[in-house]
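Colleague: This is the content of input.pdb (PDB, C-alpha atoms, pLDDT in the B column):
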```pdb
ATOM      1  CA  ARG A   1     -23.133 -66.186 -31.965  1.00 45.00           C
ATOM      2  CA  LEU A   2     -19.706 -64.940 -32.957  1.00 42.00           C
ATOM      3  CA  GLU A   3     -21.072 -63.913 -36.320  1.00 45.00           C
ATOM      4  CA  ALA A   4     -23.969 -62.146 -34.655  1.00 44.00           C
ATOM      5  CA  ARG A   5     -21.589 -60.198 -32.464  1.00 45.00           C
ATOM      6  CA  ALA A   6     -19.432 -59.347 -35.408  1.00 45.00           C
ATOM      7  CA  GLY A   7     -22.487 -58.162 -37.270  1.00 48.00           C
ATOM      8  CA  ARG A   8     -23.559 -55.741 -34.583  1.00 47.00           C
ATOM      9  CA  PRO A   9     -22.958 -52.122 -35.416  1.00 47.00           C
ATOM     10  CA  ALA A  10     -20.055 -50.657 -33.486  1.00 47.00           C
ATOM     11  CA  ARG A  11     -21.034 -48.350 -30.647  1.00 47.00           C
ATOM     12  CA  ALA A  12     -19.990 -44.772 -30.996  1.00 43.00           C
ATOM     13  CA  ALA A  13     -17.220 -43.698 -28.587  1.00 43.00           C
ATOM     14  CA  THR A  14     -18.597 -42.166 -25.422  1.00 43.00           C
ATOM     15  CA  GLN A  15     -17.960 -38.415 -25.286  1.00 46.00           C
ATOM     16  CA  THR A  16     -18.571 -35.932 -22.557  1.00 42.00           C
ATOM     17  CA  PRO A  17     -21.139 -33.561 -23.960  1.00 44.00           C
ATOM     18  CA  GLY A  18     -20.001 -29.946 -24.006  1.00 44.00           C
ATOM     19  CA  PRO A  19     -22.292 -27.111 -22.978  1.00 44.00           C
ATOM     20  CA  GLU A  20     -24.809 -26.059 -25.495  1.00 46.00           C
ATOM     21  CA  PRO A  21     -23.728 -22.802 -27.147  1.00 46.00           C
ATOM     22  CA  CYS A  22     -26.984 -21.039 -26.453  1.00 44.00           C
ATOM     23  CA  ARG A  23     -27.064 -22.273 -22.835  1.00 45.00           C
ATOM     24  CA  THR A  24     -23.466 -21.130 -22.259  1.00 41.00           C
ATOM     25  CA  ARG A  25     -24.253 -17.730 -23.713  1.00 47.00           C
ATOM     26  CA  LEU A  26     -27.328 -17.455 -21.517  1.00 43.00           C
ATOM     27  CA  LEU A  27     -25.349 -18.338 -18.358  1.00 41.00           C
ATOM     28  CA  CYS A  28     -22.651 -15.792 -19.218  1.00 43.00           C
ATOM     29  CA  GLU A  29     -25.247 -13.116 -19.810  1.00 47.00           C
ATOM     30  CA  ARG A  30     -26.899 -13.944 -16.485  1.00 48.00           C
ATOM     31  CA  ARG A  31     -23.555 -13.747 -14.691  1.00 43.00           C
ATOM     32  CA  ARG A  32     -22.690 -10.438 -16.317  1.00 47.00           C
ATOM     33  CA  GLY A  33     -26.134  -9.189 -15.445  1.00 50.00           C
ATOM     34  CA  GLY A  34     -25.683 -10.296 -11.848  1.00 47.00           C
ATOM     35  CA  VAL A  35     -22.329  -8.489 -11.581  1.00 41.00           C
ATOM     36  CA  ALA A  36     -23.836  -5.365 -13.082  1.00 45.00           C
ATOM     37  CA  MET A  37     -26.778  -5.495 -10.699  1.00 46.00           C
ATOM     38  CA  ALA A  38     -24.418  -6.025  -7.745  1.00 41.00           C
ATOM     39  CA  GLY A  39     -22.363  -3.014  -8.843  1.00 46.00           C
ATOM     40  CA  GLN A  40     -25.477  -0.900  -9.207  1.00 50.00           C
ATOM     41  CA  SER A  41     -26.705  -2.034  -5.783  1.00 46.00           C
ATOM     42  CA  ALA A  42     -23.364  -1.143  -4.161  1.00 42.00           C
ATOM     43  CA  ALA A  43     -23.337   2.252  -5.848  1.00 46.00           C
ATOM     44  CA  SER A  44     -26.942   2.840  -4.835  1.00 51.00           C
ATOM     45  CA  LEU A  45     -26.175   1.885  -1.222  1.00 44.00           C
ATOM     46  CA  ALA A  46     -23.167   4.205  -1.139  1.00 46.00           C
ATOM     47  CA  GLY A  47     -25.321   7.004  -2.515  1.00 51.00           C
ATOM     48  CA  GLU A  48     -27.969   6.377   0.130  1.00 50.00           C
ATOM     49  CA  GLN A  49     -25.332   6.428   2.868  1.00 48.00           C
ATOM     50  CA  ARG A  50     -23.978   9.763   1.612  1.00 54.00           C
ATOM     51  CA  ALA A  51     -27.512  11.139   1.438  1.00 63.00           C
ATOM     52  CA  ASP A  52     -28.106  10.129   5.067  1.00 85.00           C
ATOM     53  CA  THR A  53     -24.992  12.005   6.269  1.00 88.00           C
ATOM     54  CA  VAL A  54     -24.673  15.761   6.676  1.00 92.00           C
ATOM     55  CA  GLN A  55     -21.777  18.088   7.448  1.00 93.00           C
ATOM     56  CA  VAL A  56     -22.135  20.201  10.573  1.00 95.00           C
ATOM     57  CA  THR A  57     -19.821  23.064  11.539  1.00 95.00           C
ATOM     58  CA  ILE A  58     -19.120  23.523  15.243  1.00 95.00           C
ATOM     59  CA  LYS A  59     -17.681  26.899  16.273  1.00 95.00           C
ATOM     60  CA  HIS A  60     -16.324  27.877  19.656  1.00 94.00           C
ATOM     61  CA  ALA A  61     -18.896  30.218  21.202  1.00 92.00           C
ATOM     62  CA  VAL A  62     -16.260  32.677  22.475  1.00 91.00           C
ATOM     63  CA  ASN A  63     -13.421  32.325  19.990  1.00 88.00           C
ATOM     64  CA  LYS A  64     -15.342  31.948  16.753  1.00 79.00           C
ATOM     65  CA  ASN A  65     -12.132  31.669  14.750  1.00 89.00           C
ATOM     66  CA  GLU A  66     -11.954  28.093  15.994  1.00 92.00           C
ATOM     67  CA  SER A  67     -14.226  25.678  14.187  1.00 93.00           C
ATOM     68  CA  VAL A  68     -14.511  21.988  13.374  1.00 92.00           C
ATOM     69  CA  GLU A  69     -16.538  20.310  10.650  1.00 92.00           C
ATOM     70  CA  ILE A  70     -17.937  16.852  11.386  1.00 90.00           C
ATOM     71  CA  ALA A  71     -20.099  14.355   9.503  1.00 89.00           C
ATOM     72  CA  VAL A  72     -23.131  12.999  11.356  1.00 91.00           C
ATOM     73  CA  PRO A  73     -26.287  11.083  10.395  1.00 92.00           C
ATOM     74  CA  ARG A  74     -29.103  13.332   9.221  1.00 91.00           C
ATOM     75  CA  SER A  75     -31.303  11.940  12.001  1.00 92.00           C
ATOM     76  CA  SER A  76     -28.828  12.879  14.771  1.00 93.00           C
ATOM     77  CA  THR A  77     -29.854  14.544  18.003  1.00 95.00           C
ATOM     78  CA  VAL A  78     -27.920  17.396  19.618  1.00 94.00           C
ATOM     79  CA  GLN A  79     -26.380  14.845  21.989  1.00 94.00           C
ATOM     80  CA  GLY A  80     -25.324  12.722  19.016  1.00 93.00           C
ATOM     81  CA  VAL A  81     -23.568  15.729  17.469  1.00 95.00           C
ATOM     82  CA  LEU A  82     -21.780  16.421  20.754  1.00 93.00           C
ATOM     83  CA  GLU A  83     -20.641  12.793  20.962  1.00 89.00           C
ATOM     84  CA  ALA A  84     -19.391  12.886  17.370  1.00 88.00           C
ATOM     85  CA  LEU A  85     -17.439  16.069  18.127  1.00 90.00           C
ATOM     86  CA  ALA A  86     -15.883  14.527  21.251  1.00 86.00           C
ATOM     87  CA  ALA A  87     -14.862  11.433  19.260  1.00 78.00           C
ATOM     88  CA  THR A  88     -13.398  13.486  16.410  1.00 81.00           C
ATOM     89  CA  LEU A  89     -11.334  15.659  18.767  1.00 83.00           C
ATOM     90  CA  ARG A  90     -10.618  12.800  21.200  1.00 75.00           C
ATOM     91  CA  ARG A  91     -11.791  14.958  24.097  1.00 82.00           C
ATOM     92  CA  ASP A  92     -13.714  13.499  27.057  1.00 79.00           C
ATOM     93  CA  ASP A  93     -14.139  16.978  28.533  1.00 85.00           C
ATOM     94  CA  ILE A  94     -16.433  17.939  25.663  1.00 90.00           C
ATOM     95  CA  LEU A  95     -18.933  15.309  26.794  1.00 87.00           C
ATOM     96  CA  LYS A  96     -18.533  16.235  30.450  1.00 88.00           C
ATOM     97  CA  SER A  97     -18.625  20.031  30.201  1.00 92.00           C
ATOM     98  CA  GLY A  98     -19.519  21.003  26.646  1.00 94.00           C
ATOM     99  CA  ARG A  99     -22.903  22.396  25.609  1.00 94.00           C
ATOM    100  CA  LEU A 100     -24.151  23.115  22.108  1.00 96.00           C
ATOM    101  CA  VAL A 101     -25.917  26.482  21.824  1.00 94.00           C
ATOM    102  CA  THR A 102     -27.109  29.049  19.322  1.00 91.00           C
ATOM    103  CA  SER A 103     -26.690  32.804  19.580  1.00 87.00           C
ATOM    104  CA  SER A 104     -29.525  35.283  19.973  1.00 82.00           C
ATOM    105  CA  GLY A 105     -28.192  38.786  20.026  1.00 79.00           C
ATOM    106  CA  GLN A 106     -25.838  39.009  23.003  1.00 79.00           C
ATOM    107  CA  ALA A 107     -27.151  35.829  24.625  1.00 87.00           C
ATOM    108  CA  PHE A 108     -26.741  32.115  24.029  1.00 90.00           C
ATOM    109  CA  LEU A 109     -29.664  29.727  23.820  1.00 91.00           C
ATOM    110  CA  GLY A 110     -28.950  26.161  24.901  1.00 91.00           C
ATOM    111  CA  LEU A 111     -30.027  23.259  22.706  1.00 94.00           C
ATOM    112  CA  ARG A 112     -31.720  20.323  24.415  1.00 94.00           C
ATOM    113  CA  PRO A 113     -29.705  17.068  24.144  1.00 93.00           C
ATOM    114  CA  THR A 114     -32.747  15.192  22.802  1.00 95.00           C
ATOM    115  CA  GLU A 115     -33.541  17.845  20.199  1.00 94.00           C
ATOM    116  CA  LYS A 116     -33.212  16.712  16.588  1.00 94.00           C
ATOM    117  CA  LEU A 117     -30.535  18.312  14.430  1.00 92.00           C
ATOM    118  CA  GLY A 118     -33.090  18.983  11.704  1.00 91.00           C
ATOM    119  CA  LYS A 119     -31.916  21.547   9.120  1.00 91.00           C
ATOM    120  CA  ARG A 120     -29.371  23.095  11.471  1.00 92.00           C
ATOM    121  CA  ARG A 121     -25.866  22.897   9.996  1.00 94.00           C
ATOM    122  CA  GLU A 122     -23.983  25.125  12.423  1.00 93.00           C
ATOM    123  CA  CYS A 123     -23.774  25.152  16.231  1.00 93.00           C
ATOM    124  CA  LEU A 124     -21.746  26.936  18.883  1.00 95.00           C
ATOM    125  CA  LEU A 125     -19.937  25.159  21.702  1.00 96.00           C
ATOM    126  CA  LEU A 126     -19.694  26.434  25.272  1.00 94.00           C
ATOM    127  CA  GLY A 127     -18.020  24.931  28.322  1.00 93.00           C
ATOM    128  CA  VAL A 128     -14.548  24.083  26.967  1.00 93.00           C
ATOM    129  CA  LYS A 129     -11.560  26.344  26.434  1.00 91.00           C
ATOM    130  CA  ASP A 130     -10.847  25.474  22.782  1.00 91.00           C
ATOM    131  CA  LEU A 131     -11.439  23.059  19.914  1.00 91.00           C
ATOM    132  CA  THR A 132      -7.966  21.556  19.696  1.00 87.00           C
ATOM    133  CA  VAL A 133      -7.443  17.837  19.167  1.00 80.00           C
ATOM    134  CA  GLY A 134      -6.757  15.896  22.348  1.00 74.00           C
ATOM    135  CA  SER A 135      -4.059  13.274  22.739  1.00 67.00           C
ATOM    136  CA  ALA A 136      -5.975  10.567  24.611  1.00 74.00           C
ATOM    137  CA  LEU A 137      -8.597   8.292  23.081  1.00 81.00           C
ATOM    138  CA  PRO A 138     -11.443   7.329  25.457  1.00 81.00           C
ATOM    139  CA  LEU A 139     -11.373   3.657  26.396  1.00 87.00           C
ATOM    140  CA  LYS A 140     -14.727   2.916  24.746  1.00 88.00           C
ATOM    141  CA  LYS A 141     -13.527   4.427  21.462  1.00 88.00           C
ATOM    142  CA  ALA A 142     -10.153   2.719  21.753  1.00 92.00           C
ATOM    143  CA  LEU A 143     -11.807  -0.683  22.136  1.00 95.00           C
ATOM    144  CA  ALA A 144     -14.078  -0.018  19.154  1.00 94.00           C
ATOM    145  CA  LEU A 145     -11.036   0.989  17.076  1.00 95.00           C
ATOM    146  CA  GLN A 146      -9.140  -2.157  18.065  1.00 96.00           C
ATOM    147  CA  GLN A 147     -12.093  -4.388  17.258  1.00 97.00           C
ATOM    148  CA  GLU A 148     -12.689  -2.798  13.853  1.00 97.00           C
ATOM    149  CA  LEU A 149      -9.018  -3.091  12.908  1.00 97.00           C
ATOM    150  CA  ASN A 150      -8.821  -6.710  14.066  1.00 97.00           C
ATOM    151  CA  ALA A 151     -11.963  -7.596  12.108  1.00 97.00           C
ATOM    152  CA  ALA A 152     -10.325  -6.185   8.975  1.00 97.00           C
ATOM    153  CA  PHE A 153      -7.059  -8.025   9.704  1.00 97.00           C
ATOM    154  CA  MET A 154      -9.005 -11.300   9.990  1.00 96.00           C
ATOM    155  CA  GLU A 155     -10.466 -10.998   6.490  1.00 96.00           C
ATOM    156  CA  GLU A 156      -9.413 -13.793   4.149  1.00 96.00           C
ATOM    157  CA  GLU A 157      -7.921 -11.510   1.497  1.00 96.00           C
ATOM    158  CA  PHE A 158      -5.728  -9.663   4.001  1.00 97.00           C
ATOM    159  CA  GLN A 159      -4.480 -12.902   5.571  1.00 97.00           C
ATOM    160  CA  ARG A 160      -3.739 -14.381   2.143  1.00 97.00           C
ATOM    161  CA  GLU A 161      -1.633 -11.364   1.142  1.00 97.00           C
ATOM    162  CA  LEU A 162       0.166 -11.373   4.496  1.00 97.00           C
ATOM    163  CA  LEU A 163       0.973 -15.077   4.137  1.00 96.00           C
ATOM    164  CA  GLU A 164       2.369 -14.502   0.635  1.00 96.00           C
ATOM    165  CA  LEU A 165       4.666 -11.797   2.045  1.00 96.00           C
ATOM    166  CA  GLU A 166       5.821 -14.158   4.785  1.00 95.00           C
ATOM    167  CA  TRP A 167       6.593 -16.901   2.254  1.00 96.00           C
ATOM    168  CA  THR A 168       8.409 -14.461  -0.025  1.00 96.00           C
ATOM    169  CA  TYR A 169      10.604 -12.636   2.483  1.00 95.00           C
ATOM    170  CA  GLY A 170      10.632 -14.776   5.625  1.00 94.00           C
ATOM    171  CA  ARG A 171       8.909 -13.852   8.865  1.00 92.00           C
ATOM    172  CA  ASP A 172      12.025 -12.613  10.675  1.00 92.00           C
ATOM    173  CA  THR A 173      13.377 -10.360   7.914  1.00 94.00           C
ATOM    174  CA  GLY A 174      13.361  -6.580   7.843  1.00 94.00           C
ATOM    175  CA  GLN A 175      11.837  -6.577   4.360  1.00 95.00           C
ATOM    176  CA  PHE A 176       8.852  -8.561   5.614  1.00 95.00           C
ATOM    177  CA  ALA A 177       8.310  -5.954   8.362  1.00 95.00           C
ATOM    178  CA  VAL A 178       8.389  -3.162   5.766  1.00 95.00           C
ATOM    179  CA  GLU A 179       5.982  -4.897   3.387  1.00 96.00           C
ATOM    180  CA  ARG A 180       3.665  -5.810   6.271  1.00 96.00           C
ATOM    181  CA  SER A 181       3.513  -2.156   7.339  1.00 96.00           C
ATOM    182  CA  ILE A 182       2.551  -1.129   3.797  1.00 96.00           C
ATOM    183  CA  LEU A 183      -0.171  -3.791   3.657  1.00 97.00           C
ATOM    184  CA  THR A 184      -1.451  -2.896   7.124  1.00 97.00           C
ATOM    185  CA  LEU A 185      -1.636   0.799   6.256  1.00 96.00           C
ATOM    186  CA  LYS A 186      -4.122  -0.007   3.474  1.00 95.00           C
ATOM    187  CA  VAL A 187      -6.528  -1.176   6.178  1.00 96.00           C
ATOM    188  CA  GLN A 188      -5.667   1.538   8.675  1.00 96.00           C
ATOM    189  CA  SER A 189      -6.130   4.318   6.112  1.00 94.00           C
ATOM    190  CA  ARG A 190      -9.806   3.308   5.754  1.00 94.00           C
ATOM    191  CA  ILE A 191     -10.556   3.001   9.457  1.00 95.00           C
ATOM    192  CA  LEU A 192      -8.462   5.616  11.295  1.00 93.00           C
ATOM    193  CA  PRO A 193     -10.302   8.682   9.901  1.00 90.00           C
ATOM    194  CA  LYS A 194     -13.486   7.434  11.596  1.00 87.00           C
ATOM    195  CA  TYR A 195     -11.730   7.983  14.925  1.00 87.00           C
ATOM    196  CA  GLY A 196     -10.205  11.384  14.239  1.00 81.00           C
ATOM    197  CA  PHE A 197      -6.822  10.260  12.873  1.00 86.00           C
ATOM    198  CA  GLU A 198      -5.287  10.853   9.468  1.00 87.00           C
ATOM    199  CA  GLY A 199      -5.227   7.833   7.169  1.00 91.00           C
ATOM    200  CA  ASN A 200      -1.444   7.801   6.801  1.00 92.00           C
ATOM    201  CA  ASP A 201       1.769   7.063   8.714  1.00 93.00           C
ATOM    202  CA  ARG A 202       1.330  10.148  10.854  1.00 90.00           C
ATOM    203  CA  GLY A 203      -2.181   9.011  11.767  1.00 90.00           C
ATOM    204  CA  VAL A 204      -0.812   5.617  12.829  1.00 93.00           C
ATOM    205  CA  ARG A 205       1.767   7.308  15.083  1.00 90.00           C
ATOM    206  CA  ASP A 206      -0.920   9.548  16.586  1.00 88.00           C
ATOM    207  CA  MET A 207      -3.137   6.514  17.171  1.00 91.00           C
ATOM    208  CA  VAL A 208      -0.379   4.654  18.999  1.00 90.00           C
ATOM    209  CA  GLN A 209       0.306   7.701  21.165  1.00 84.00           C
ATOM    210  CA  SER A 210      -3.387   8.139  21.965  1.00 86.00           C
ATOM    211  CA  LEU A 211      -3.619   4.540  23.205  1.00 88.00           C
ATOM    212  CA  ASN A 212      -0.898   4.988  25.809  1.00 80.00           C
ATOM    213  CA  GLY A 213      -2.165   4.564  29.340  1.00 76.00           C
ATOM    214  CA  LEU A 214      -4.958   2.089  28.498  1.00 85.00           C
ATOM    215  CA  ASN A 215      -3.052  -1.061  29.426  1.00 84.00           C
ATOM    216  CA  HIS A 216      -5.008  -1.252  32.674  1.00 87.00           C
ATOM    217  CA  SER A 217      -8.006  -2.574  30.705  1.00 90.00           C
ATOM    218  CA  PRO A 218      -8.071  -6.399  30.316  1.00 94.00           C
ATOM    219  CA  GLU A 219     -10.168  -6.085  27.152  1.00 96.00           C
ATOM    220  CA  PHE A 220      -7.693  -3.618  25.684  1.00 94.00           C
ATOM    221  CA  GLN A 221      -4.894  -6.086  26.430  1.00 95.00           C
ATOM    222  CA  ARG A 222      -6.794  -8.965  24.775  1.00 96.00           C
ATOM    223  CA  ASN A 223      -7.410  -6.916  21.629  1.00 96.00           C
ATOM    224  CA  TYR A 224      -3.766  -5.845  21.558  1.00 95.00           C
ATOM    225  CA  TRP A 225      -2.413  -9.400  21.680  1.00 96.00           C
ATOM    226  CA  ALA A 226      -5.008 -10.552  19.152  1.00 96.00           C
ATOM    227  CA  SER A 227      -3.785  -7.927  16.681  1.00 96.00           C
ATOM    228  CA  ARG A 228      -0.161  -9.026  17.154  1.00 95.00           C
ATOM    229  CA  LEU A 229      -1.189 -12.617  16.439  1.00 96.00           C
ATOM    230  CA  LEU A 230      -3.137 -11.608  13.318  1.00 96.00           C
ATOM    231  CA  LEU A 231      -0.219  -9.527  12.022  1.00 96.00           C
ATOM    232  CA  ARG A 232       2.387 -12.204  12.831  1.00 92.00           C
ATOM    233  CA  VAL A 233       4.378  -9.813  14.997  1.00 90.00           C
TER     234      VAL A 233
END
```
Produce structure tokens that represent the structure in this file.
Modeller:
Amino acid sequence: RLEARAGRPARAATQTPGPEPCRTRLLCERRRGGVAMAGQSAASLAGEQRADTVQVTIKHAVNKNESVEIAVPRSSTVQGVLEALAATLRRDDILKSGRLVTSSGQAFLGLRPTEKLGKRRECLLLGVKDLTVGSALPLKKALALQQELNAAFMEEEFQRELLELEWTYGRDTGQFAVERSILTLKVQSRILPKYGFEGNDRGVRDMVQSLNGLNHSPEFQRNYWASRLLLRV
């Protein structure tokens, strides 16, 4: 039996088979193709979103030197345009007293709130004294702004970068506060323009000022403390 064992051919050493060259190449090509298709889909979606948005100029009906340009969905109604204008200028009085009209000779013709914007790209505004930017943000808009910012602060990538800054500089250091502000501004610069603020340090200061006086709202308070927790303040 010993001789029989000795006579058996030695087994080849077990090796972990590597990927077949052609299979590996095929997988890589599929992955590259998937990335390319994803990029094309994102670009196509962005193009569709731009195509669905139009620029509308709103002029003051009396002082026509004052005008504001806003972006609204192509399918907007007159009321939707008025709401977008009020949000851009942070002016509740525009919704309460403002009316969009067109001129006909020496008279003004009112536009029905439910009327579609259609091909109209310019409107006149009656009922308010000017088109200046207000200082206060309506509570509904303020809550939406808080929620959008907090959602962005909760994203995994943002939290990972914030944690790296905390590990590098220490949570209670001035340098951490500076670096956190720079990181936070990257998020704020994308979101603030949607609410009528500049996407820079000045816009952040204006936002903070516009939120003064809203502490009476429990939901506003909850969002505020949630943001401090997310930012490790």
Colleague: Using the chain letters and residue numbers of this document, give as a PyMOL selection string the residues selected by the PyMOL selection byres ((chain A and resi 138) around 8).
Modeller: chain A and resi 90-92+136-137+139-142
Colleague: For each of A:Ser189, A:Leu143, A:Leu149, A:Arg171, take the minimum atom-to-atom distance to A:Pro218, counting all atoms listed in the file, then give the residue where this is smallest.
Modeller: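 Looking only at the distances to A:Pro218, the closest residue turns out to be A:Leu143.
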Colleague: If we count all atoms listed in the file, what is near A:Leu230 at a cut-off of 12 Å, once residues fewer than 2 positions away on the same chain are taken out, given as a list in words?
Modeller: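 Using all atoms listed in the file, the neighbours found are Leu149, Asn150, Ala151, Ala152, Phe153, Met154, Glu155, Glu156, Phe158, Gln159, Arg160, Leu162, Leu163, Arg180, Thr184, Asn223, Tyr224, Trp225, Ala226, Ser227, Arg228, Arg232 and Val233 of chain A.
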Colleague: For A:Val101, which of A:Asn215, A:Gln175, A:Ser210, A:Gln79 is the closest residue, counting only C-alpha atoms?
Modeller: A:Gln79
Colleague: Name the closest residue to A:Glu69 among the candidates A:Glu83, A:Asp93, A:Asp52, A:Glu122; distances are taken between atoms, counting all atoms listed in the file.
Modeller: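 When distances to A:Glu69 are compared using all atoms listed in the file, the smallest one comes from A:Glu122.
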Colleague: Report the distance between atom CA of A:Cys123 and atom CA of A:Ala87 in Å, rounded to one decimal place.
Modeller: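 These atoms are spaced 16.6 Å apart.
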Colleague: Using all atoms listed in the file, which of A:Val81, A:Val62, A:Glu115, A:Gln146 sits nearest A:Gly127?
Modeller: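 Closest to A:Gly127 of all the choices is A:Val62.
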Colleague: Grab the atom CA of A:Leu192 to atom CA of A:Asn212 distance for me, in Å with one decimal place.
Modeller: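 If I compute the distance from atom CA of A:Leu192 to atom CA of A:Asn212, I get 16.4 Å.
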Colleague: Using Å and a single decimal, report how far atom CA of A:Thr173 sits from atom CA of A:Leu145.
Modeller: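 Between these atoms lies a distance of 28.4 Å.
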Colleague: Using only C-alpha atoms, pick whichever of A:Pro73, A:Tyr169, A:Gly110, A:Ile58 has the shortest atom-to-atom distance to A:Leu124.
Modeller: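 Closest candidate: A:Ile58.
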Colleague: Can you list what the PyMOL selection byres ((chain A and resi 197-201) around 10) grabs from this structure, as an MDAnalysis selection string?
Modeller: chainID A and resid 88:90 133 181:182 185:196 202:207 210
Colleague: Excluding A:Lys59 and residues on its chain fewer than 5 positions from it, collect all residues at most 12 Å away from it, counting all atoms listed in the file, and give them as a list of chain:residue names.
Modeller: A:Lys64, A:Asn65, A:Glu66, A:Ser67, A:Val68, A:Glu69, A:Ile70, A:Leu85, A:Arg99, A:Leu100, A:Val101, A:Thr102, A:Ser103, A:Arg121, A:Glu122, A:Cys123, A:Leu124, A:Leu125, A:Leu126, A:Val128, A:Lys129, A:Asp130, A:Leu131, A:Thr132
Colleague: Enclose all atoms of stretch 52-69 of chain A listed in the file in an axis-aligned box, grow every side by 5 Å, and hand back centre and edge lengths in Å to one decimal, as JSON.
Modeller:
```
{"center_x": -20.0, "center_y": 21.4, "center_z": 13.8, "size_x": 26.2, "size_y": 32.5, "size_z": 27.4}
```
